[in-house]
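Next comes entry-v7.csv, a file with CSV, C-alpha atoms.
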```csv
chain,number,residue,atom,x,y,z
A,1309,MET,CA,0.0,0.0,0.0
A,1310,THR,CA,1.3,3.5,-0.9
A,1311,ASP,CA,1.7,6.3,1.6
A,1312,ASP,CA,0.8,8.9,-1.0
A,1313,ARG,CA,-2.5,10.6,0.2
A,1314,ARG,CA,-3.8,11.4,-3.3
A,1315,GLN,CA,-2.9,7.9,-4.7
A,1316,LEU,CA,-4.7,6.3,-1.8
A,1317,THR,CA,-7.8,8.3,-2.6
A,1318,VAL,CA,-7.5,7.2,-6.3
A,1319,ASP,CA,-7.2,3.6,-5.2
A,1320,TYR,CA,-10.2,3.8,-2.9
A,1321,THR,CA,-12.2,5.5,-5.6
A,1322,ASN,CA,-11.2,2.9,-8.1
A,1323,ASP,CA,-12.4,0.2,-5.6
A,1324,LEU,CA,-15.8,2.1,-5.3
A,1325,ILE,CA,-16.1,2.2,-9.1
A,1326,GLU,CA,-15.4,-1.5,-9.4
A,1327,PHE,CA,-18.0,-2.2,-6.8
A,1328,LEU,CA,-20.6,-0.1,-8.6
A,1329,GLU,CA,-19.7,-2.0,-11.9
A,1330,TYR,CA,-20.1,-5.3,-10.1
A,1331,LEU,CA,-23.6,-4.3,-8.9
A,1332,SER,CA,-24.6,-3.3,-12.4
A,1333,THR,CA,-23.2,-6.5,-14.0
A,1334,HIS,CA,-24.5,-9.0,-11.5
A,1335,TYR,CA,-27.9,-7.6,-10.4
A,1336,SER,CA,-30.9,-6.4,-12.3
A,1337,LEU,CA,-31.0,-2.9,-10.9
A,1338,PRO,CA,-34.0,-0.8,-12.0
A,1339,ARG,CA,-31.8,2.3,-12.2
A,1340,LYS,CA,-28.2,3.3,-11.6
A,1341,PRO,CA,-27.2,3.5,-7.9
A,1342,ILE,CA,-27.3,6.7,-5.8
A,1343,VAL,CA,-24.2,6.9,-3.7
A,1344,LEU,CA,-24.3,8.2,-0.2
A,1345,GLY,CA,-21.0,9.2,1.4
A,1346,TRP,CA,-20.6,10.0,5.1
A,1347,SER,CA,-18.0,12.2,6.8
A,1348,LYS,CA,-14.5,11.6,5.4
A,1349,GLY,CA,-16.1,9.2,2.9
A,1350,THR,CA,-17.5,12.3,1.1
A,1351,ASN,CA,-14.0,12.8,-0.3
A,1352,LEU,CA,-14.6,9.8,-2.5
A,1353,LEU,CA,-17.7,11.4,-3.9
A,1354,LEU,CA,-15.8,14.6,-4.7
A,1355,ALA,CA,-13.2,12.4,-6.4
A,1356,LEU,CA,-15.9,10.8,-8.6
A,1357,ALA,CA,-17.5,14.1,-9.4
A,1358,CYS,CA,-14.4,16.3,-10.1
A,1359,PRO,CA,-13.6,16.4,-13.8
A,1360,THR,CA,-9.9,16.6,-13.2
A,1361,PHE,CA,-9.1,14.3,-10.3
A,1362,LEU,CA,-9.4,10.9,-11.9
A,1363,ALA,CA,-8.0,9.7,-15.3
A,1364,LYS,CA,-10.6,10.3,-18.0
A,1365,ASP,CA,-11.5,6.7,-18.6
A,1366,LEU,CA,-11.9,6.0,-14.9
A,1367,ARG,CA,-14.2,9.0,-14.4
A,1368,GLU,CA,-16.3,7.9,-17.4
A,1369,ARG,CA,-16.7,4.5,-15.9
A,1370,ALA,CA,-18.0,6.2,-12.7
A,1371,ILE,CA,-20.4,8.4,-14.6
A,1372,ALA,CA,-21.8,5.3,-16.4
A,1373,ASN,CA,-22.6,3.7,-13.1
A,1374,VAL,CA,-23.9,6.5,-10.8
A,1375,ALA,CA,-27.2,8.3,-10.8
A,1376,ALA,CA,-26.4,10.8,-8.1
A,1377,LEU,CA,-24.1,11.6,-5.2
A,1378,ILE,CA,-25.2,12.7,-1.7
A,1379,MET,CA,-22.5,14.0,0.7
A,1380,TYR,CA,-23.7,13.5,4.2
A,1381,GLU,CA,-21.9,15.7,6.8
A,1382,ALA,CA,-18.8,16.4,4.8
A,1383,PRO,CA,-15.8,17.7,6.9
A,1384,GLY,CA,-14.2,21.1,6.3
A,1385,ASN,CA,-11.0,19.5,5.1
A,1386,ALA,CA,-12.8,18.2,2.0
A,1387,PHE,CA,-13.0,21.9,1.0
A,1388,GLY,CA,-9.5,22.8,2.1
A,1389,LEU,CA,-10.8,24.6,5.2
A,1390,THR,CA,-8.8,25.3,8.4
A,1391,PRO,CA,-10.1,23.3,11.4
A,1392,THR,CA,-12.6,25.2,13.5
A,1393,LYS,CA,-12.1,25.8,17.2
A,1394,ASP,CA,-14.4,22.9,18.3
A,1395,TYR,CA,-12.1,20.5,16.5
A,1396,THR,CA,-8.8,21.9,17.7
A,1397,THR,CA,-10.0,22.2,21.3
A,1398,ALA,CA,-11.1,18.6,21.3
A,1399,MET,CA,-8.0,17.2,19.7
A,1400,ALA,CA,-5.4,19.4,21.3
A,1401,GLY,CA,-3.6,18.8,24.6
A,1402,PRO,CA,-0.7,16.7,25.9
A,1403,PHE,CA,-1.0,13.0,26.4
A,1404,PRO,CA,-1.1,11.7,30.0
A,1405,ASP,CA,2.4,11.1,31.5
A,1406,HIS,CA,1.8,7.3,31.6
A,1407,VAL,CA,1.2,7.1,27.9
A,1408,THR,CA,4.4,6.3,26.1
A,1409,THR,CA,3.7,4.1,23.1
A,1410,GLU,CA,2.4,5.2,19.7
A,1411,GLN,CA,-0.3,2.6,19.9
A,1412,GLU,CA,-1.6,4.2,23.1
A,1413,LYS,CA,-1.4,7.7,21.6
A,1414,LYS,CA,-3.4,6.6,18.6
A,1415,ALA,CA,-6.0,5.1,20.8
A,1416,ILE,CA,-6.4,8.3,22.8
A,1417,THR,CA,-6.5,10.4,19.6
A,1418,ALA,CA,-9.2,8.1,18.2
A,1419,GLN,CA,-11.2,8.5,21.4
A,1420,ARG,CA,-10.8,12.3,21.4
A,1421,PHE,CA,-12.0,12.3,17.8
A,1422,ALA,CA,-15.0,10.1,18.5
A,1423,ASP,CA,-16.1,12.3,21.4
A,1424,TRP,CA,-15.7,15.4,19.3
A,1425,ILE,CA,-17.6,14.1,16.3
A,1426,SER,CA,-20.4,12.5,18.3
A,1427,GLY,CA,-21.1,15.7,20.3
A,1428,PHE,CA,-24.1,18.0,20.0
A,1429,TYR,CA,-23.3,21.7,19.6
A,1430,LYS,CA,-25.3,25.0,19.8
A,1431,HIS,CA,-24.4,27.5,17.2
A,1432,GLU,CA,-25.2,31.2,16.6
A,1433,ASP,CA,-25.6,33.2,13.5
A,1434,ILE,CA,-25.2,30.3,11.2
A,1435,THR,CA,-26.6,32.2,8.2
A,1436,SER,CA,-24.2,35.1,8.7
A,1437,GLU,CA,-20.8,35.5,7.0
A,1438,LYS,CA,-19.1,34.9,10.3
A,1439,PRO,CA,-21.1,32.3,12.2
A,1440,LYS,CA,-20.4,31.5,15.8
A,1441,TYR,CA,-19.9,27.8,16.0
A,1442,GLY,CA,-20.3,26.1,19.3
A,1443,VAL,CA,-17.0,24.9,20.8
A,1444,ASP,CA,-18.0,22.8,23.9
A,1445,PRO,CA,-20.5,20.0,23.3
A,1446,VAL,CA,-23.9,20.3,25.2
A,1447,GLY,CA,-24.3,16.6,25.0
A,1448,PHE,CA,-22.9,13.4,23.4
A,1449,SER,CA,-24.4,10.5,21.4
A,1450,LYS,CA,-23.1,8.1,24.1
A,1451,ASP,CA,-25.5,9.8,26.6
A,1452,SER,CA,-28.6,8.6,24.7
A,1453,LEU,CA,-27.6,6.2,22.0
A,1454,ASP,CA,-27.8,2.4,22.3
A,1455,ARG,CA,-24.2,1.2,23.1
A,1456,GLU,CA,-24.2,-1.3,20.2
A,1457,PHE,CA,-25.4,1.4,17.7
A,1458,LEU,CA,-22.8,3.7,19.0
A,1459,ALA,CA,-20.0,1.2,18.6
A,1460,ARG,CA,-21.1,0.5,15.0
A,1461,ALA,CA,-21.4,4.2,14.2
A,1462,GLU,CA,-18.1,5.4,15.6
A,1463,GLU,CA,-15.7,2.7,14.4
A,1464,PRO,CA,-12.8,4.3,16.3
A,1465,THR,CA,-10.2,1.9,14.9
A,1466,LEU,CA,-10.7,3.5,11.5
A,1467,VAL,CA,-9.9,7.0,12.8
A,1468,PRO,CA,-6.1,6.8,12.3
A,1469,LEU,CA,-6.6,5.6,8.7
A,1470,GLY,CA,-8.7,8.6,8.0
A,1471,PHE,CA,-5.8,11.0,8.6
A,1472,HIS,CA,-3.7,9.3,5.9
A,1473,TRP,CA,-5.7,9.8,2.7
A,1474,GLY,CA,-7.3,12.7,1.0
A,1475,LEU,CA,-7.8,14.5,-2.3
A,1476,SER,CA,-4.5,16.3,-1.8
A,1477,ALA,CA,-2.1,17.3,0.9
A,1478,ASP,CA,-2.4,20.9,-0.2
A,1479,ALA,CA,-5.4,22.8,1.1
A,1480,ASN,CA,-5.7,25.1,-1.8
A,1481,GLU,CA,-5.8,22.2,-4.3
A,1482,ARG,CA,-8.5,20.5,-2.2
A,1483,ALA,CA,-10.5,23.7,-2.3
A,1484,GLU,CA,-10.2,23.8,-6.1
A,1485,LEU,CA,-11.0,20.2,-6.6
A,1486,ALA,CA,-14.1,20.5,-4.4
A,1487,LYS,CA,-15.2,23.6,-6.4
A,1488,LEU,CA,-14.9,21.7,-9.7
A,1489,ALA,CA,-16.8,18.8,-8.2
A,1490,ILE,CA,-19.7,20.9,-7.0
A,1491,GLU,CA,-19.9,23.0,-10.2
A,1492,GLN,CA,-19.8,20.1,-12.7
A,1493,LYS,CA,-23.0,19.0,-14.4
A,1494,ASP,CA,-22.2,15.3,-15.3
A,1495,ILE,CA,-23.5,13.8,-12.0
A,1496,PRO,CA,-26.1,15.4,-9.7
A,1497,ILE,CA,-24.6,16.1,-6.3
A,1498,ALA,CA,-25.9,17.4,-3.0
A,1499,MET,CA,-24.9,17.9,0.6
A,1500,ALA,CA,-26.8,17.1,3.8
A,1501,TRP,CA,-26.3,18.1,7.4
A,1502,ASN,CA,-27.9,18.5,10.8
A,1503,GLY,CA,-28.4,21.5,13.1
A,1504,GLU,CA,-26.4,20.4,16.1
A,1505,THR,CA,-23.5,18.8,14.4
A,1506,ALA,CA,-19.9,20.0,14.9
A,1507,GLY,CA,-18.8,23.4,13.6
A,1508,TYR,CA,-16.2,21.9,11.3
A,1509,ILE,CA,-19.0,20.1,9.5
A,1510,LEU,CA,-21.0,23.4,9.2
A,1511,SER,CA,-18.0,25.1,7.8
A,1512,ALA,CA,-18.1,22.7,4.8
A,1513,VAL,CA,-21.8,23.3,4.4
A,1514,LYS,CA,-21.1,27.0,4.2
A,1515,ALA,CA,-18.4,26.4,1.6
A,1516,GLY,CA,-20.7,24.2,-0.4
A,1517,GLU,CA,-23.5,26.8,-0.4
A,1518,ALA,CA,-21.1,29.5,-1.5
A,1519,LEU,CA,-20.2,27.3,-4.5
A,1520,GLY,CA,-23.9,26.8,-5.4
A,1521,ALA,CA,-24.3,23.3,-4.0
A,1522,LYS,CA,-27.7,21.9,-3.3
A,1523,VAL,CA,-27.8,21.7,0.5
A,1524,TYR,CA,-30.4,20.1,2.8
A,1525,LYS,CA,-30.8,20.2,6.5
A,1526,LEU,CA,-32.1,16.8,7.7
A,1527,ASP,CA,-32.9,17.8,11.3
A,1528,ASP,CA,-32.6,20.9,13.6
A,1529,LYS,CA,-31.3,18.9,16.5
A,1530,GLY,CA,-29.4,16.0,14.9
A,1531,ASN,CA,-25.7,15.5,15.0
A,1532,HIS,CA,-23.1,13.6,13.0
A,1533,LEU,CA,-24.6,10.3,14.1
A,1534,PHE,CA,-28.2,11.2,13.3
A,1535,PHE,CA,-28.7,8.1,11.2
A,1536,ALA,CA,-28.2,6.0,14.4
A,1537,HIS,CA,-30.4,8.2,16.6
A,1538,GLU,CA,-33.2,8.6,14.2
A,1539,PRO,CA,-32.8,5.9,11.4
A,1540,LYS,CA,-36.3,6.4,9.8
A,1541,LYS,CA,-36.1,10.2,9.9
A,1542,PHE,CA,-32.6,9.9,8.4
A,1543,MET,CA,-33.7,7.6,5.6
A,1544,ASP,CA,-36.8,9.7,4.8
A,1545,GLY,CA,-34.6,12.7,4.4
A,1546,ILE,CA,-32.0,11.0,2.3
A,1547,CYS,CA,-34.8,9.5,0.0
A,1548,LYS,CA,-36.2,13.0,-0.5
A,1549,ILE,CA,-32.8,14.3,-1.6
A,1550,ALA,CA,-32.3,11.3,-3.9
A,1551,SER,CA,-35.8,12.0,-5.4
A,1552,ASP,CA,-35.0,15.6,-6.0
A,1553,LEU,CA,-31.6,14.8,-7.6
A,1554,THR,CA,-32.9,12.1,-9.9
A,1555,GLY,CA,-36.5,13.1,-10.7
A,1556,HIS,CA,-37.6,9.6,-9.6
A,1557,ARG,CA,-39.5,8.7,-6.4
A,1558,VAL,CA,-37.0,7.0,-4.1
A,1559,GLY,CA,-38.1,5.1,-1.0
```
Is it possible to give me this structure as structure tokens?
Amino acid sequence: MTDDRRQLTVDYTNDLIEFLEYLSTHYSLPRKPIVLGWSKGTNLLLALACPTFLAKDLRERAIANVAALIMYEAPGNAFGLTPTKDYTTAMAGPFPDHVTTEQEKKAITAQRFADWISGFYKHEDITSEKPKYGVDPVGFSKDSLDREFLARAEEPTLVPLGFHWGLSADANERAELAKLAIEQKDIPIAMAWNGETAGYILSAVKAGEALGAKVYKLDDKGNHLFFAHEPKKFMDGICKIASDLTGHRVG
């Protein structure tokens, strides 16, 4: 496996395209699939949509097998944005003195990330040019979510991997790639978010809106794990977006 962030993303996107081709070849699908990406996974949707990221033949294969793309709770880094204070506050700070191994440090980093992303936040002036994102969570998914659901939703062991791949190591290039992905007309694409999610997620929503993206709020009080808290509400919202994007009734 390569350590090149961009090449890893190309590899993962190629895997996704091959999976979509497999579905089309082996199953009698009534229509092409609608692909939903969550959190860091939304980077793969930007990779599919961007006219310049993939080799021409690879992107054409993607277009041939995708009806629409839905980016659910994309992070700010997908748009080349600087982390917001909620993120830096949650992730910063020294490790305890007794922690000495890299494995222990990775575990603590993963837990800090899980606590941050599963928090509920109160924000102010979201519609203004300078919104005030909440920094300290007013609650956590672990306070109300079934423990089994929480474990499946968080997948903390995957957190370290998420830091090692992306559209580019350069923030300006990520911003340009995201811009091209949102503005292209080959594949319908939309963004979805929730009202009490982390500020770093909302910063991506603001960036997408500024580029003209179709943006949908699923719930006023939902957070990053809304699909686990309110699965039916989540699916109803995603189906509505899918219907809007494709012109077909979904769900």
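If you measure from each of A:His1431, A:Thr1408, A:Gly1516, A:Leu1485 to Asp1528 (chain A) using all atoms listed in the file, the closest one turns out to be A:His1431.
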Between CA of Tyr1524 (chain A) and CA of Ala1506 (chain A), distance in Å (one decimal): 16.0 Å
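Interatomic distance, CA of Ala1550 (chain A) against CA of Ile1342 (chain A): 7.1 Å.
In this comparison, which uses all atoms listed in the file, the residue of A:Pro1359, A:Ala1477, A:Leu1526, A:Val1513 approaching Met1543 (chain A) most closely is A:Leu1526.
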For region 1379-1381 of chain A: contacts at 6 Å, only C-alpha atoms, fewer than 3 positions along chain excluded, given as a list in words: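 Non-adjacent residues within range: Gly1345, Trp1346, Ser1347, Thr1350, Met1499, Ala1500, Trp1501 and Ile1509 of chain A.
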Shortest interatomic distance to Phe1448 (chain A) - which of A:Ala1518, A:Leu1533, A:Cys1547, A:Val1523, counting only C-alpha atoms: A:Leu1533
Straight-line distance linking CA of Lys1430 (chain A) with CA of Tyr1508 (chain A), stated in Å to one decimal: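 If I compute the distance from CA of Lys1430 (chain A) to CA of Tyr1508 (chain A), I get 12.8 Å.
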Proximity to Val1374 (chain A) - best of A:Phe1327, A:Tyr1320, A:Phe1421, A:Phe1457, all atoms listed in the file: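 Closest candidate: A:Phe1327.
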Who sits within 6 Å of Tyr1429 (chain A), all atoms listed in the file, same chain under 3 positions skipped, as a ChimeraX atom specification: /A:1442,1445-1446,1504-1505
Test item: residues at most 8 Å from Val1318 (chain A), all atoms listed in the file, excluding those fewer than 4 positions along its chain, as a ChimeraX atom specification: /A:1314,1322,1355,1362
Could you add all heavy atoms to region 1344-1355 of chain A and give me the result as a PDB file, in the frame of the given file?
```pdb
ATOM      1  N   LEU A1344     -24.266   7.386  -1.399  1.00  0.00           N
ATOM      2  CA  LEU A1344     -24.300   8.200  -0.200  1.00  0.00           C
ATOM      3  C   LEU A1344     -22.901   8.113   0.472  1.00  0.00           C
ATOM      4  O   LEU A1344     -22.458   7.010   0.799  1.00  0.00           O
ATOM      5  CB  LEU A1344     -25.368   7.785   0.743  1.00  0.00           C
ATOM      6  CG  LEU A1344     -25.398   8.427   2.137  1.00  0.00           C
ATOM      7  CD1 LEU A1344     -25.772   9.905   2.043  1.00  0.00           C
ATOM      8  CD2 LEU A1344     -26.390   7.685   3.038  1.00  0.00           C
ATOM      9  N   GLY A1345     -22.245   9.225   0.670  1.00  0.00           N
ATOM     10  CA  GLY A1345     -21.000   9.200   1.400  1.00  0.00           C
ATOM     11  C   GLY A1345     -21.116   9.949   2.708  1.00  0.00           C
ATOM     12  O   GLY A1345     -21.824  10.953   2.814  1.00  0.00           O
ATOM     13  N   TRP A1346     -20.483   9.422   3.741  1.00  0.00           N
ATOM     14  CA  TRP A1346     -20.600  10.000   5.100  1.00  0.00           C
ATOM     15  C   TRP A1346     -19.235  10.461   5.568  1.00  0.00           C
ATOM     16  O   TRP A1346     -18.239   9.766   5.429  1.00  0.00           O
ATOM     17  CB  TRP A1346     -21.162   8.926   6.036  1.00  0.00           C
ATOM     18  CG  TRP A1346     -21.166   9.304   7.484  1.00  0.00           C
ATOM     19  CD1 TRP A1346     -21.617  10.473   8.029  1.00  0.00           C
ATOM     20  CD2 TRP A1346     -20.707   8.517   8.591  1.00  0.00           C
ATOM     21  NE1 TRP A1346     -21.467  10.459   9.402  1.00  0.00           N
ATOM     22  CE2 TRP A1346     -20.914   9.261   9.775  1.00  0.00           C
ATOM     23  CE3 TRP A1346     -20.137   7.234   8.685  1.00  0.00           C
ATOM     24  CZ2 TRP A1346     -20.579   8.776  11.040  1.00  0.00           C
ATOM     25  CZ3 TRP A1346     -19.802   6.751   9.944  1.00  0.00           C
ATOM     26  CH2 TRP A1346     -20.030   7.510  11.102  1.00  0.00           C
ATOM     27  N   SER A1347     -19.206  11.672   6.140  1.00  0.00           N
ATOM     28  CA  SER A1347     -18.000  12.200   6.800  1.00  0.00           C
ATOM     29  C   SER A1347     -16.813  12.199   5.860  1.00  0.00           C
ATOM     30  O   SER A1347     -16.893  12.727   4.756  1.00  0.00           O
ATOM     31  CB  SER A1347     -17.744  11.371   8.076  1.00  0.00           C
ATOM     32  OG  SER A1347     -16.884  12.043   8.956  1.00  0.00           O
ATOM     33  N   LYS A1348     -15.706  11.600   6.264  1.00  0.00           N
ATOM     34  CA  LYS A1348     -14.500  11.600   5.400  1.00  0.00           C
ATOM     35  C   LYS A1348     -14.786  10.889   4.073  1.00  0.00           C
ATOM     36  O   LYS A1348     -14.174  11.195   3.055  1.00  0.00           O
ATOM     37  CB  LYS A1348     -13.354  10.910   6.142  1.00  0.00           C
ATOM     38  CG  LYS A1348     -12.015  10.880   5.391  1.00  0.00           C
ATOM     39  CD  LYS A1348     -11.469  12.281   5.160  1.00  0.00           C
ATOM     40  CE  LYS A1348     -10.140  12.250   4.407  1.00  0.00           C
ATOM     41  NZ  LYS A1348      -9.002  11.852   5.248  1.00  0.00           N
ATOM     42  N   GLY A1349     -15.731   9.959   4.082  1.00  0.00           N
ATOM     43  CA  GLY A1349     -16.100   9.200   2.900  1.00  0.00           C
ATOM     44  C   GLY A1349     -16.615  10.138   1.758  1.00  0.00           C
ATOM     45  O   GLY A1349     -16.629   9.748   0.581  1.00  0.00           O
ATOM     46  N   THR A1350     -17.050  11.353   2.118  1.00  0.00           N
ATOM     47  CA  THR A1350     -17.500  12.300   1.100  1.00  0.00           C
ATOM     48  C   THR A1350     -16.406  12.702   0.150  1.00  0.00           C
ATOM     49  O   THR A1350     -16.670  13.146  -0.971  1.00  0.00           O
ATOM     50  CB  THR A1350     -18.140  13.543   1.736  1.00  0.00           C
ATOM     51  OG1 THR A1350     -17.169  14.170   2.596  1.00  0.00           O
ATOM     52  CG2 THR A1350     -19.373  13.186   2.558  1.00  0.00           C
ATOM     53  N   ASN A1351     -15.162  12.543   0.596  1.00  0.00           N
ATOM     54  CA  ASN A1351     -14.000  12.800  -0.300  1.00  0.00           C
ATOM     55  C   ASN A1351     -14.060  11.955  -1.535  1.00  0.00           C
ATOM     56  O   ASN A1351     -13.657  12.386  -2.619  1.00  0.00           O
ATOM     57  CB  ASN A1351     -12.705  12.626   0.453  1.00  0.00           C
ATOM     58  CG  ASN A1351     -12.335  13.774   1.364  1.00  0.00           C
ATOM     59  OD1 ASN A1351     -11.491  14.599   1.062  1.00  0.00           O
ATOM     60  ND2 ASN A1351     -12.984  13.830   2.523  1.00  0.00           N
ATOM     61  N   LEU A1352     -14.514  10.724  -1.392  1.00  0.00           N
ATOM     62  CA  LEU A1352     -14.600   9.800  -2.500  1.00  0.00           C
ATOM     63  C   LEU A1352     -15.647  10.294  -3.537  1.00  0.00           C
ATOM     64  O   LEU A1352     -15.488  10.131  -4.747  1.00  0.00           O
ATOM     65  CB  LEU A1352     -14.909   8.398  -2.085  1.00  0.00           C
ATOM     66  CG  LEU A1352     -13.875   7.711  -1.190  1.00  0.00           C
ATOM     67  CD1 LEU A1352     -14.289   6.271  -0.912  1.00  0.00           C
ATOM     68  CD2 LEU A1352     -12.485   7.747  -1.814  1.00  0.00           C
ATOM     69  N   LEU A1353     -16.708  10.902  -3.025  1.00  0.00           N
ATOM     70  CA  LEU A1353     -17.700  11.400  -3.900  1.00  0.00           C
ATOM     71  C   LEU A1353     -17.219  12.642  -4.680  1.00  0.00           C
ATOM     72  O   LEU A1353     -17.499  12.815  -5.870  1.00  0.00           O
ATOM     73  CB  LEU A1353     -18.999  11.785  -3.128  1.00  0.00           C
ATOM     74  CG  LEU A1353     -19.993  10.636  -2.912  1.00  0.00           C
ATOM     75  CD1 LEU A1353     -19.356   9.467  -2.194  1.00  0.00           C
ATOM     76  CD2 LEU A1353     -21.216  11.120  -2.150  1.00  0.00           C
ATOM     77  N   LEU A1354     -16.437  13.480  -3.995  1.00  0.00           N
ATOM     78  CA  LEU A1354     -15.800  14.600  -4.700  1.00  0.00           C
ATOM     79  C   LEU A1354     -14.843  14.107  -5.747  1.00  0.00           C
ATOM     80  O   LEU A1354     -14.742  14.681  -6.835  1.00  0.00           O
ATOM     81  CB  LEU A1354     -15.082  15.501  -3.676  1.00  0.00           C
ATOM     82  CG  LEU A1354     -15.964  16.288  -2.703  1.00  0.00           C
ATOM     83  CD1 LEU A1354     -15.101  16.999  -1.669  1.00  0.00           C
ATOM     84  CD2 LEU A1354     -16.840  17.292  -3.443  1.00  0.00           C
ATOM     85  N   ALA A1355     -14.138  13.024  -5.432  1.00  0.00           N
ATOM     86  CA  ALA A1355     -13.200  12.400  -6.400  1.00  0.00           C
ATOM     87  C   ALA A1355     -13.938  11.936  -7.637  1.00  0.00           C
ATOM     88  O   ALA A1355     -13.476  12.109  -8.773  1.00  0.00           O
ATOM     89  CB  ALA A1355     -12.416  11.298  -5.755  1.00  0.00           C
TER      90      ALA A1355
END
```
